[in-house]
file input_9.csv (CSV, C-alpha atoms)
chain,number,residue,atom,x,y,z
A,1,MET,CA,13.7,22.1,9.9
A,2,SER,CA,11.1,23.0,7.4
A,3,ALA,CA,8.0,20.9,7.0
A,4,ILE,CA,7.9,17.4,8.4
A,5,HIS,CA,6.1,15.0,6.1
A,6,GLN,CA,4.4,11.7,7.3
A,7,PHE,CA,2.3,9.2,5.6
A,8,SER,CA,-0.9,8.2,7.3
A,9,GLU,CA,-3.3,5.2,6.7
A,10,SER,CA,-6.8,5.0,8.0
A,11,ASN,CA,-8.7,1.8,8.5
A,12,LEU,CA,-11.8,0.2,10.1
A,13,VAL,CA,-15.3,1.5,10.8
A,14,GLY,CA,-15.2,4.9,12.3
A,15,GLU,CA,-11.7,5.4,11.1
A,16,VAL,CA,-8.6,4.4,13.1
A,17,GLU,CA,-5.5,6.3,12.0
A,18,ALA,CA,-2.0,4.9,11.9
A,19,ILE,CA,0.7,7.5,11.6
A,20,PRO,CA,3.5,7.3,10.6
A,21,ILE,CA,3.2,4.0,8.7
A,22,THR,CA,6.2,2.0,7.6
A,23,ASN,CA,4.6,0.2,4.7
A,24,LEU,CA,1.5,0.1,2.6
A,25,ASN,CA,0.9,-3.7,2.3
A,26,PHE,CA,-2.1,-4.7,0.3
A,27,GLY,CA,-3.9,-7.8,1.6
A,28,SER,CA,-7.1,-9.5,2.6
A,29,VAL,CA,-7.6,-7.7,5.8
A,30,ASP,CA,-8.5,-4.1,6.6
A,31,ASP,CA,-5.4,-3.1,8.6
A,32,HIS,CA,-2.3,-1.1,8.3
A,33,GLU,CA,1.2,-2.6,7.9
A,34,LEU,CA,-0.4,-6.0,7.4
A,35,ASN,CA,1.5,-9.2,6.9
A,36,THR,CA,1.0,-10.3,3.3
A,37,THR,CA,1.9,-13.9,4.0
A,38,THR,CA,-0.8,-14.0,6.7
A,39,TYR,CA,-3.3,-12.1,4.6
A,40,PRO,CA,-2.6,-12.8,0.9
A,41,ILE,CA,-4.9,-11.8,-1.9
A,42,THR,CA,-6.5,-14.8,-3.5
A,43,ARG,CA,-6.3,-14.3,-7.3
A,44,GLY,CA,-9.6,-13.2,-8.7
A,45,ASN,CA,-10.2,-11.0,-5.6
A,46,SER,CA,-9.2,-7.5,-4.7
A,47,SER,CA,-7.3,-6.2,-1.7
A,48,PHE,CA,-9.0,-4.2,0.9
A,49,GLU,CA,-8.9,-0.5,0.0
A,50,LYS,CA,-6.2,1.6,1.4
A,51,TYR,CA,-6.9,5.2,2.5
A,52,LEU,CA,-3.6,7.1,2.4
A,53,ARG,CA,-3.0,10.7,3.2
A,54,CYS,CA,-0.1,12.9,4.0
A,55,LYS,CA,0.4,15.0,7.1
A,56,PHE,CA,2.6,18.1,7.2
A,57,THR,CA,3.8,19.6,10.4
A,58,ASP,CA,6.5,21.9,11.7
A,59,THR,CA,7.9,25.0,10.0
A,60,PHE,CA,6.8,25.9,6.5
A,61,THR,CA,5.2,28.7,4.6
A,62,GLU,CA,3.4,26.8,1.8
A,63,ILE,CA,3.1,23.3,0.4
A,64,SER,CA,1.8,23.2,-3.2
A,65,ASN,CA,1.8,21.3,-6.5
A,66,MET,CA,1.1,18.0,-4.8
A,67,LYS,CA,1.1,15.0,-7.2
A,68,PHE,CA,0.9,11.3,-6.9
A,69,TRP,CA,1.7,8.6,-9.5
A,70,ARG,CA,3.2,5.2,-10.1
A,71,SER,CA,6.7,5.8,-11.3
A,72,ASP,CA,8.2,2.4,-12.1
A,73,VAL,CA,8.0,0.9,-15.6
A,74,LEU,CA,7.5,-2.7,-14.7
A,75,GLY,CA,3.9,-3.0,-15.6
A,76,TYR,CA,1.5,-5.6,-14.2
A,77,LYS,CA,1.1,-9.3,-14.1
A,78,THR,CA,-1.8,-10.6,-16.2
A,79,GLY,CA,-5.1,-9.4,-14.8
A,80,GLU,CA,-3.5,-7.3,-12.1
A,81,THR,CA,-4.2,-3.5,-11.8
A,82,LEU,CA,-3.6,-0.9,-9.2
A,83,LYS,CA,-6.6,1.4,-8.9
A,84,THR,CA,-6.6,4.8,-7.3
A,85,ALA,CA,-8.7,7.9,-6.7
A,86,ALA,CA,-7.5,11.2,-5.3
A,87,ASN,CA,-9.2,13.6,-2.9
A,88,VAL,CA,-11.8,11.3,-1.7
A,89,ALA,CA,-13.5,11.2,1.7
A,90,PHE,CA,-12.8,8.3,4.1
A,91,ALA,CA,-15.2,5.4,4.0
A,92,THR,CA,-14.8,2.0,5.7
A,93,PRO,CA,-12.4,0.1,3.4
A,94,SER,CA,-13.9,-2.6,1.3
A,95,ALA,CA,-12.6,-5.6,-0.6
A,96,THR,CA,-15.3,-5.3,-3.2
A,97,PRO,CA,-13.6,-4.2,-6.4
A,98,ASN,CA,-14.2,-0.5,-6.8
A,99,ALA,CA,-14.6,1.5,-10.0
A,100,ASP,CA,-11.6,3.7,-9.5
A,101,SER,CA,-9.2,4.5,-12.4
A,102,ASP,CA,-5.9,2.9,-13.1
A,103,ILE,CA,-3.1,4.7,-11.2
A,104,PRO,CA,-1.3,7.2,-13.5
A,105,LEU,CA,2.1,5.9,-14.8
A,106,ASN,CA,3.9,9.2,-15.2
A,107,GLU,CA,4.1,12.7,-13.7
A,108,GLY,CA,2.4,14.3,-16.6
A,109,ALA,CA,-0.7,12.2,-15.9
A,110,SER,CA,-0.3,12.3,-12.2
A,111,LEU,CA,-3.2,12.9,-9.7
A,112,ALA,CA,-3.3,16.4,-8.3
A,113,ILE,CA,-3.7,16.1,-4.5
A,114,GLN,CA,-5.6,18.6,-2.5
A,115,SER,CA,-5.4,19.8,1.1
A,116,ALA,CA,-8.0,18.5,3.5
A,117,ALA,CA,-9.8,21.7,2.9
A,118,GLY,CA,-10.0,21.1,-0.8
A,119,THR,CA,-7.5,23.7,-1.7
A,120,THR,CA,-4.3,23.3,-3.8
A,121,THR,CA,-2.0,24.6,-1.1
A,122,ILE,CA,-1.4,23.9,2.6
A,123,THR,CA,-0.3,26.9,4.6
A,124,ALA,CA,-0.6,25.6,8.1
A,125,PRO,CA,0.1,22.1,9.7
A,126,GLY,CA,-2.5,19.7,8.4
A,127,TYR,CA,-3.4,16.9,6.1
A,128,THR,CA,-4.0,16.3,2.4
A,129,LYS,CA,-7.2,14.7,1.3
A,130,TYR,CA,-7.3,10.9,1.1
A,131,ILE,CA,-5.8,8.9,-1.8
A,132,ARG,CA,-7.7,5.6,-2.1
A,133,LEU,CA,-5.8,2.6,-3.5
A,134,GLN,CA,-6.9,-1.0,-4.2
A,135,LEU,CA,-5.1,-3.8,-6.0
A,136,HIS,CA,-7.3,-5.8,-8.4
A,137,THR,CA,-6.6,-9.2,-9.7
A,138,THR,CA,-8.5,-11.6,-12.0
A,139,GLY,CA,-8.7,-15.4,-12.2
A,140,SER,CA,-5.9,-15.3,-14.8
A,141,THR,CA,-3.5,-13.5,-12.5
A,142,PRO,CA,-0.6,-15.9,-11.9
A,143,SER,CA,0.0,-16.9,-8.4
A,144,GLY,CA,3.1,-15.7,-6.6
A,145,SER,CA,4.6,-12.3,-6.3
A,146,VAL,CA,3.6,-9.3,-8.4
A,147,PHE,CA,6.0,-6.9,-9.9
A,148,GLN,CA,7.6,-4.4,-7.6
A,149,LYS,CA,5.9,-1.0,-7.8
A,150,VAL,CA,7.2,2.4,-7.0
A,151,LEU,CA,4.7,5.1,-6.0
A,152,THR,CA,5.8,8.7,-6.0
A,153,PHE,CA,4.4,11.6,-4.0
A,154,GLN,CA,5.8,15.0,-5.0
A,155,TYR,CA,5.2,18.5,-3.6
A,156,ASP,CA,6.8,21.9,-3.6
A,157,GLU,CA,7.7,23.7,-0.4
A,158,VAL,CA,8.7,27.2,0.6
B,1,MET,CA,1.1,-12.4,-3.6
B,2,ASP,CA,3.9,-10.1,-2.5
B,3,ASN,CA,2.4,-6.6,-2.7
B,4,SER,CA,3.8,-4.7,0.2
B,5,ILE,CA,4.7,-1.0,-0.2
B,6,SER,CA,7.2,0.3,2.2
B,7,ILE,CA,7.3,4.0,3.1
B,8,ASN,CA,9.3,4.2,6.3
B,9,LEU,CA,9.5,7.9,6.3
B,10,ASN,CA,9.1,9.3,9.7
B,11,SER,CA,10.6,12.4,11.2
B,12,GLU,CA,13.7,10.6,12.2
B,13,ASN,CA,14.9,9.7,8.7
B,14,ASN,CA,13.2,12.4,6.8
B,15,SER,CA,15.9,14.1,4.7
B,16,MET,CA,14.2,17.5,4.9
B,17,ASN,CA,15.4,17.7,8.5
B,18,SER,CA,18.9,18.4,7.2
B,19,LEU,CA,18.6,20.8,4.3
B,20,SER,CA,21.7,20.9,2.0
B,21,PHE,CA,21.1,24.6,1.2
B,22,SER,CA,19.6,27.5,3.1
B,23,TRP,CA,18.6,30.9,1.8
B,24,ARG,CA,19.6,34.5,2.6
B,25,ALA,CA,17.6,37.5,1.3
B,26,ARG,CA,19.1,40.9,0.8
B,27,PHE,CA,16.7,43.9,0.5
B,28,LYS,CA,17.1,47.2,-1.2
B,29,ASN,CA,17.8,48.9,2.1
B,30,ASN,CA,20.7,46.5,2.5
B,31,SER,CA,19.1,44.6,5.4
B,32,GLU,CA,19.4,40.9,5.3
B,33,LEU,CA,17.3,38.0,6.5
B,34,ASN,CA,18.7,34.5,6.9
B,35,GLN,CA,16.7,31.3,6.8
B,36,PHE,CA,18.4,30.3,10.0
B,37,GLU,CA,19.2,32.9,12.6
B,38,ASN,CA,19.8,32.8,16.3
B,39,GLY,CA,18.9,29.1,16.5
B,40,LYS,CA,15.5,29.5,14.9
B,41,GLU,CA,14.2,29.2,11.3
B,42,ASN,CA,12.6,32.2,9.6
B,43,LEU,CA,9.6,31.4,7.4
B,44,PHE,CA,10.0,32.2,3.7
B,45,GLN,CA,6.7,34.1,4.3
B,46,LEU,CA,8.9,36.9,5.7
B,47,VAL,CA,10.6,37.2,2.3
B,48,LYS,CA,7.3,37.0,0.4
B,49,ASP,CA,6.0,39.8,2.5
B,50,ARG,CA,8.8,42.0,1.2
B,51,PHE,CA,9.0,40.6,-2.4
B,52,THR,CA,9.1,44.0,-4.1
B,53,GLU,CA,12.0,45.1,-1.8
B,54,LEU,CA,14.2,42.1,-2.7
B,55,SER,CA,17.5,42.9,-4.4
B,56,TYR,CA,19.5,39.7,-4.0
B,57,PHE,CA,18.6,36.2,-3.0
B,58,TYR,CA,21.3,33.7,-2.1
B,59,LEU,CA,21.2,29.9,-1.7
B,60,ILE,CA,24.1,28.7,0.3
B,61,SER,CA,25.3,25.2,0.8
B,62,LYS,CA,25.6,23.8,4.4
B,63,ASP,CA,29.4,23.5,4.0
B,64,ASN,CA,29.5,27.1,2.6
B,65,LEU,CA,31.4,25.9,-0.5
B,66,GLN,CA,28.6,26.8,-2.9
B,67,CYS,CA,26.6,29.9,-3.3
B,68,PHE,CA,24.0,30.7,-5.9
B,69,THR,CA,23.0,34.3,-6.2
B,70,VAL,CA,19.9,35.7,-7.9
B,71,ASP,CA,20.5,39.4,-8.7
B,72,LEU,CA,17.0,40.7,-9.1
B,73,LEU,CA,18.2,44.2,-9.8
B,74,HIS,CA,19.9,43.2,-13.1
B,75,GLY,CA,18.3,39.8,-13.9
B,76,LEU,CA,21.3,37.6,-13.4
B,77,ILE,CA,22.3,34.5,-11.6
B,78,PHE,CA,25.8,34.1,-10.2
B,79,TYR,CA,27.5,30.9,-9.1
B,80,ASN,CA,29.9,31.5,-6.2
B,81,ASN,CA,31.8,34.7,-6.7
B,82,HIS,CA,30.5,37.6,-8.7
B,83,GLN,CA,32.4,38.3,-11.9
B,84,GLU,CA,33.2,41.6,-13.5
B,85,ILE,CA,30.2,42.3,-15.7
B,86,ASP,CA,29.5,45.2,-18.0
B,87,TYR,CA,25.8,45.6,-17.1
B,88,ASN,CA,25.4,47.9,-20.2
B,89,GLN,CA,26.0,44.9,-22.4
B,90,LEU,CA,23.2,43.0,-20.9
B,91,GLU,CA,19.6,42.9,-21.9
B,92,LYS,CA,17.7,45.1,-19.5
B,93,LYS,CA,15.2,43.1,-17.5
B,94,GLU,CA,12.5,45.0,-15.7
B,95,ASN,CA,10.6,43.9,-12.6
B,96,CYS,CA,12.5,40.7,-12.0
B,97,ARG,CA,10.7,38.5,-9.5
B,98,LEU,CA,12.2,35.7,-7.6
B,99,ILE,CA,11.3,32.0,-8.2
B,100,PHE,CA,12.3,29.7,-5.3
B,101,PHE,CA,10.9,26.5,-3.9
B,102,ARG,CA,12.1,23.1,-2.8
B,103,ARG,CA,10.6,20.2,-4.8
B,104,HIS,CA,10.3,17.0,-2.7
B,105,GLN,CA,9.9,13.6,-4.3
B,106,ILE,CA,9.1,10.7,-2.1
B,107,LYS,CA,9.3,7.2,-3.6
B,108,MET,CA,7.7,4.2,-2.0
B,109,SER,CA,8.5,0.7,-3.3
B,110,ILE,CA,6.6,-2.4,-3.1
B,111,ASN,CA,8.8,-4.9,-1.2
B,112,GLY,CA,9.4,-2.8,1.8
B,113,LYS,CA,13.1,-2.3,1.1
B,114,GLU,CA,13.5,0.7,-1.1
B,115,LYS,CA,12.5,4.3,-0.4
B,116,SER,CA,13.9,7.7,-1.2
B,117,HIS,CA,13.2,11.3,-0.4
B,118,THR,CA,15.0,13.7,-2.7
B,119,ILE,CA,14.9,17.5,-2.7
B,120,GLU,CA,15.5,19.7,-5.6
B,121,TYR,CA,16.0,23.4,-5.2
B,122,HIS,CA,14.4,25.4,-7.9
B,123,LEU,CA,15.9,28.9,-8.0
B,124,GLY,CA,15.6,31.7,-10.6
B,125,PHE,CA,13.6,34.6,-11.6
B,126,GLN,CA,10.9,35.7,-14.0
B,127,TRP,CA,10.3,39.0,-15.8
B,128,LEU,CA,8.1,40.4,-18.5
B,129,LYS,CA,9.5,40.8,-22.1
B,130,ASP,CA,7.2,42.3,-24.7
B,131,GLY,CA,4.3,41.5,-22.5
B,132,LYS,CA,5.2,37.8,-22.1
B,133,ASN,CA,6.4,36.2,-19.0
B,134,GLN,CA,10.0,34.9,-19.3
B,135,LYS,CA,11.8,32.8,-16.7
B,136,ILE,CA,15.2,31.2,-16.0
B,137,ILE,CA,15.4,28.6,-13.3
B,138,LEU,CA,18.3,26.6,-11.9
B,139,ILE,CA,17.5,23.1,-10.6
B,140,ILE,CA,20.0,22.2,-7.9
B,141,ASP,CA,20.1,18.8,-6.3
B,142,GLU,CA,21.2,18.0,-2.8
B,143,GLU,CA,24.8,17.4,-3.8
B,144,GLY,CA,25.0,20.8,-5.5
B,145,ASN,CA,24.8,19.6,-9.1
B,146,PHE,CA,22.7,22.0,-11.1
B,147,VAL,CA,21.1,22.4,-14.5
B,148,ILE,CA,19.4,25.4,-16.2
B,149,ASN,CA,15.8,25.0,-16.9
B,150,ASN,CA,14.6,27.8,-19.1
call {"tool": "encode", "arguments": {"input": "input_9.csv", "output": "C-alpha cells"}}
result
Amino acid sequence: MSAIHQFSESNLVGEVEAIPITNLNFGSVDDHELNTTTYPITRGNSSFEKYLRCKFTDTFTEISNMKFWRSDVLGYKTGETLKTAANVAFATPSATPNADSDIPLNEGASLAIQSAAGTTTITAPGYTKYIRLQLHTTGSTPSGSVFQKVLTFQYDEV
Amino acid sequence: MDNSISINLNSENNSMNSLSFSWRARFKNNSELNQFENGKENLFQLVKDRFTELSYFYLISKDNLQCFTVDLLHGLIFYNNHQEIDYNQLEKKENCRLIFFRRHQIKMSINGKEKSHTIEYHLGFQWLKDGKNQKIILIIDEEGNFVINN
C-alpha cells in the first residue's frame, strides 16, 4: 500500500542500474554491492563515486520534502571524509577525489533532494535525481575499519 | 577499510506496506471516503480535490483501538471518543484546513547490519488568526504514541 520506495545505484560507462540494492559499500571498484575485503580503499586514495537515487512506485498522491544527511554522531577517523552532492547528473564513476562538500551531519543542514525532473515533489511513479557519494582518505588515515556511519533519507508522503 | 553501507529495503520488507493507521474523510454533505475500500486504496488526492468540503478527518489504527479526529468545523482534535464540549467556550477558528502527511525516515548503516524505516503520521490543522497562519499538529508514531507539535 502507498508508495514503494527502493534505493538504486548506477555504475559503469553508459550507466548500468542495480535496483534494489542491499548495501552501499565503498571500495576500489566501480560496482554495486561490492566486497570491501576484495576491493579495499588504500589509505590516501578515495573510493569510486557512488550514484545513488530513490525510486518511488505504486500508489501515492505526492512525495515531497525529500532530505538526505548523515545522522550518526561518530565522526571520522583522521583524514577521512564522506563527500556528497545532491541533484547531480550521472557520470561514469571515478576514483579521483572530487570537490564535493562534506555530507551534512544533521537534518537542519540536510541536502534537499529533487525529483528526476528537478521539482521538489514527485506525483507519479519515478525517480529522484542522483546523490553522489565518495569516501576520501589521506595518508594519515589509520588502517582498518572506519567508524560506522548512518545515512538518513527522509520524505513526506500523502 | 570496512566502509559498507547496508540498505536492504526492498518491497518485501518495506514497512510502508503495512500502514499502522489509515484515514477516513467525512465531508459536509455527510459522505465519507476511506483510504481502503472494497479491496483498493483511494488516493489522498481524492480528499485534496474536496478540501473545502471536509468536515472531519479521522486517522484510525489498524487494530481499531485508536482514532484521532480532526474537527475542521470547530478547530479541534479528538482522541478516541468525542467528549462533551461547550463550543461557545472555545476560541472560534475560521477556515480550518487539514494538515496530514506521513513522514518516512530511512536509515542506512555502514556495516550492513542495521537499517530502519520509520513512519510518523503528522496530523492537524491550520487557520488564520489576526492574519497570521496558526497550526496545531500531532506527531503520531507507528505504535500510536503521540506528541503535540505546535
call {"tool": "residues_around", "arguments": {"input": "input_9.csv", "residues": "A:Trp69", "least_positions_apart": "3", "cutoff": "7 Å", "atoms": "only C-alpha atoms", "output": "number ranges by chain"}}
result
A: 103-107, 110-111, 151-153
call {"tool": "closest_residue", "arguments": {"input": "input_9.csv", "among": "A:Phe147, A:Phe90, A:Phe60, A:Phe26", "to": "B:Leu43", "atoms": "all atoms listed in the file"}}
result
A:Phe60
call {"tool": "residues_around", "arguments": {"input": "input_9.csv", "residues": "B:Phe36", "least_positions_apart": "4", "cutoff": "10 Å", "atoms": "only C-alpha atoms", "output": "PyMOL selection string"}}
result
(chain A and resi 1) or (chain B and resi 22-24+40-43)
call {"tool": "interface_residues", "arguments": {"input": "input_9.csv", "of": "chain A", "to": "chain B", "cutoff": "10 Å", "atoms": "only C-alpha atoms", "output": "compact mmCIF listing (two decimals) with C-alpha atoms, in the frame of the given file"}}
result
# COMPACT_ATOMS: atom_id res chain seq x y z
CA MET A 1 13.70 22.10 9.90
CA SER A 2 11.10 23.00 7.40
CA ALA A 3 8.00 20.90 7.00
CA ILE A 4 7.90 17.40 8.40
CA HIS A 5 6.10 15.00 6.10
CA GLN A 6 4.40 11.70 7.30
CA PHE A 7 2.30 9.20 5.60
CA ILE A 19 0.70 7.50 11.60
CA PRO A 20 3.50 7.30 10.60
CA ILE A 21 3.20 4.00 8.70
CA THR A 22 6.20 2.00 7.60
CA ASN A 23 4.60 0.20 4.70
CA LEU A 24 1.50 0.10 2.60
CA ASN A 25 0.90 -3.70 2.30
CA PHE A 26 -2.10 -4.70 0.30
CA GLY A 27 -3.90 -7.80 1.60
CA GLU A 33 1.20 -2.60 7.90
CA LEU A 34 -0.40 -6.00 7.40
CA ASN A 35 1.50 -9.20 6.90
CA THR A 36 1.00 -10.30 3.30
CA THR A 37 1.90 -13.90 4.00
CA TYR A 39 -3.30 -12.10 4.60
CA PRO A 40 -2.60 -12.80 0.90
CA ILE A 41 -4.90 -11.80 -1.90
CA THR A 42 -6.50 -14.80 -3.50
CA ARG A 43 -6.30 -14.30 -7.30
CA SER A 47 -7.30 -6.20 -1.70
CA THR A 57 3.80 19.60 10.40
CA THR A 59 7.90 25.00 10.00
CA PHE A 60 6.80 25.90 6.50
CA THR A 61 5.20 28.70 4.60
CA GLU A 62 3.40 26.80 1.80
CA ILE A 63 3.10 23.30 0.40
CA SER A 64 1.80 23.20 -3.20
CA ASN A 65 1.80 21.30 -6.50
CA MET A 66 1.10 18.00 -4.80
CA LYS A 67 1.10 15.00 -7.20
CA PHE A 68 0.90 11.30 -6.90
CA TRP A 69 1.70 8.60 -9.50
CA ARG A 70 3.20 5.20 -10.10
CA SER A 71 6.70 5.80 -11.30
CA ASP A 72 8.20 2.40 -12.10
CA LEU A 135 -5.10 -3.80 -6.00
CA PRO A 142 -0.60 -15.90 -11.90
CA SER A 143 0.00 -16.90 -8.40
CA GLY A 144 3.10 -15.70 -6.60
CA SER A 145 4.60 -12.30 -6.30
CA VAL A 146 3.60 -9.30 -8.40
CA PHE A 147 6.00 -6.90 -9.90
CA GLN A 148 7.60 -4.40 -7.60
CA LYS A 149 5.90 -1.00 -7.80
CA VAL A 150 7.20 2.40 -7.00
CA LEU A 151 4.70 5.10 -6.00
CA THR A 152 5.80 8.70 -6.00
CA PHE A 153 4.40 11.60 -4.00
CA GLN A 154 5.80 15.00 -5.00
CA TYR A 155 5.20 18.50 -3.60
CA ASP A 156 6.80 21.90 -3.60
CA GLU A 157 7.70 23.70 -0.40
CA VAL A 158 8.70 27.20 0.60
call {"tool": "residues_around", "arguments": {"input": "input_9.csv", "residues": "B:Ile137", "least_positions_apart": "6", "cutoff": "12 Å", "atoms": "all atoms listed in the file", "output": "list in words"}}
result
Phe68, Thr69, Val70, Gly75, Leu76, Ile77, Arg97, Leu98, Ile99, Phe100, Phe101, Glu120, Tyr121, His122, Leu123, Gly124, Phe125, Gln126, Trp127, Phe146, Val147, Ile148, Asn149 and Asn150 of chain B
call {"tool": "atom_distance", "arguments": {"input": "input_9.csv", "atom1": "atom CA of A:Tyr130", "atom2": "atom CA of A:Ile113"}}
result
8.4 Å
call {"tool": "atom_distance", "arguments": {"input": "input_9.csv", "atom1": "atom CA of A:Ile131", "atom2": "atom CA of A:Gly108"}}
result
17.8 Å
call {"tool": "atom_distance", "arguments": {"input": "input_9.csv", "atom1": "atom CA of A:Thr138", "atom2": "atom CA of A:Lys77"}}
result
10.1 Å
call {"tool": "closest_residue", "arguments": {"input": "input_9.csv", "among": "A:Leu133, A:Val29, A:Ala124, A:Leu52", "to": "A:Thr84", "atoms": "only C-alpha atoms"}}
result
A:Leu133
call {"tool": "closest_residue", "arguments": {"input": "input_9.csv", "among": "B:Phe78, B:Phe57, B:Phe21, B:Tyr87", "to": "B:Leu33", "atoms": "only C-alpha atoms"}}
result
B:Phe57
call {"tool": "closest_residue", "arguments": {"input": "input_9.csv", "among": "B:Arg50, B:Cys67, B:Lys62, B:Asp130", "to": "B:Lys93", "atoms": "all atoms listed in the file"}}
result
B:Asp130
call {"tool": "closest_residue", "arguments": {"input": "input_9.csv", "among": "A:Asp31, A:Asp102, A:Glu49, A:Asp58", "to": "A:Arg132", "atoms": "all atoms listed in the file"}}
result
A:Glu49
call {"tool": "residues_around", "arguments": {"input": "input_9.csv", "residues": "A:Pro93", "least_positions_apart": "4", "cutoff": "9 Å", "atoms": "all atoms listed in the file", "output": "list in words"}}
result
Ser10, Asn11, Leu12, Val13, Asp30, Phe48, Glu49, Lys50 and Tyr51 of chain A
call {"tool": "write_last_selection", "arguments": {"input": "input_9.csv", "atoms": "C-alpha atoms", "output": "CSV table (one decimal), in the coordinates of the input"}}
result
chain,number,residue,atom,x,y,z
A,10,SER,CA,-6.8,5.0,8.0
A,11,ASN,CA,-8.7,1.8,8.5
A,12,LEU,CA,-11.8,0.2,10.1
A,13,VAL,CA,-15.3,1.5,10.8
A,30,ASP,CA,-8.5,-4.1,6.6
A,48,PHE,CA,-9.0,-4.2,0.9
A,49,GLU,CA,-8.9,-0.5,0.0
A,50,LYS,CA,-6.2,1.6,1.4
A,51,TYR,CA,-6.9,5.2,2.5
call {"tool": "residues_around", "arguments": {"input": "input_9.csv", "residues": "A:Thr128", "least_positions_apart": "5", "cutoff": "7 Å", "atoms": "all atoms listed in the file", "output": "compact mmCIF listing (two decimals) with C-alpha atoms, in the coordinates of the input"}}
result
# COMPACT_ATOMS: atom_id res chain seq x y z
CA ARG A 53 -3.00 10.70 3.20
CA CYS A 54 -0.10 12.90 4.00
CA LYS A 55 0.40 15.00 7.10
CA ILE A 113 -3.70 16.10 -4.50
CA GLN A 114 -5.60 18.60 -2.50
CA SER A 115 -5.40 19.80 1.10
CA ALA A 116 -8.00 18.50 3.50
call {"tool": "build_atoms", "arguments": {"input": "input_9.csv", "residues": "stretch 36-49 of chain B", "atoms": "N, CA and C atoms", "output": "mmCIF file, in the coordinates of the input"}}
result
data_model
loop_
_atom_site.group_PDB
_atom_site.id
_atom_site.type_symbol
_atom_site.label_atom_id
_atom_site.label_comp_id
_atom_site.auth_asym_id
_atom_site.auth_seq_id
_atom_site.Cartn_x
_atom_site.Cartn_y
_atom_site.Cartn_z
ATOM 1 N N PHE B 36 18.107 30.695 8.675
ATOM 2 C CA PHE B 36 18.400 30.300 10.000
ATOM 3 C C PHE B 36 19.152 31.359 10.766
ATOM 4 N N GLU B 37 18.574 31.848 11.836
ATOM 5 C CA GLU B 37 19.200 32.900 12.600
ATOM 6 C C GLU B 37 18.925 32.682 14.088
ATOM 7 N N ASN B 38 19.958 32.827 14.872
ATOM 8 C CA ASN B 38 19.800 32.800 16.300
ATOM 9 C C ASN B 38 19.084 31.489 16.778
ATOM 10 N N GLY B 39 19.418 30.393 16.108
ATOM 11 C CA GLY B 39 18.900 29.100 16.500
ATOM 12 C C GLY B 39 17.425 28.872 16.130
ATOM 13 N N LYS B 40 16.873 29.752 15.314
ATOM 14 C CA LYS B 40 15.500 29.500 14.900
ATOM 15 C C LYS B 40 15.424 29.671 13.346
ATOM 16 N N GLU B 41 14.357 29.137 12.773
ATOM 17 C CA GLU B 41 14.200 29.200 11.300
ATOM 18 C C GLU B 41 13.160 30.306 10.995
ATOM 19 N N ASN B 42 13.543 31.176 10.088
ATOM 20 C CA ASN B 42 12.600 32.200 9.600
ATOM 21 C C ASN B 42 11.777 31.611 8.462
ATOM 22 N N LEU B 43 10.503 31.856 8.509
ATOM 23 C CA LEU B 43 9.600 31.400 7.400
ATOM 24 C C LEU B 43 9.917 32.180 6.153
ATOM 25 N N PHE B 44 9.806 31.506 5.021
ATOM 26 C CA PHE B 44 10.000 32.200 3.700
ATOM 27 C C PHE B 44 8.876 33.242 3.563
ATOM 28 N N GLN B 45 7.812 33.118 4.316
ATOM 29 C CA GLN B 45 6.700 34.100 4.300
ATOM 30 C C GLN B 45 7.299 35.525 4.529
ATOM 31 N N LEU B 46 8.338 35.605 5.365
ATOM 32 C CA LEU B 46 8.900 36.900 5.700
ATOM 33 C C LEU B 46 9.578 37.530 4.434
ATOM 34 N N VAL B 47 10.060 36.681 3.548
ATOM 35 C CA VAL B 47 10.600 37.200 2.300
ATOM 36 C C VAL B 47 9.443 37.532 1.338
ATOM 37 N N LYS B 48 8.447 36.674 1.288
ATOM 38 C CA LYS B 48 7.300 37.000 0.400
ATOM 39 C C LYS B 48 6.646 38.283 0.791
ATOM 40 N N ASP B 49 6.638 38.571 2.072
ATOM 41 C CA ASP B 49 6.000 39.800 2.500
ATOM 42 C C ASP B 49 6.750 41.055 2.001
#
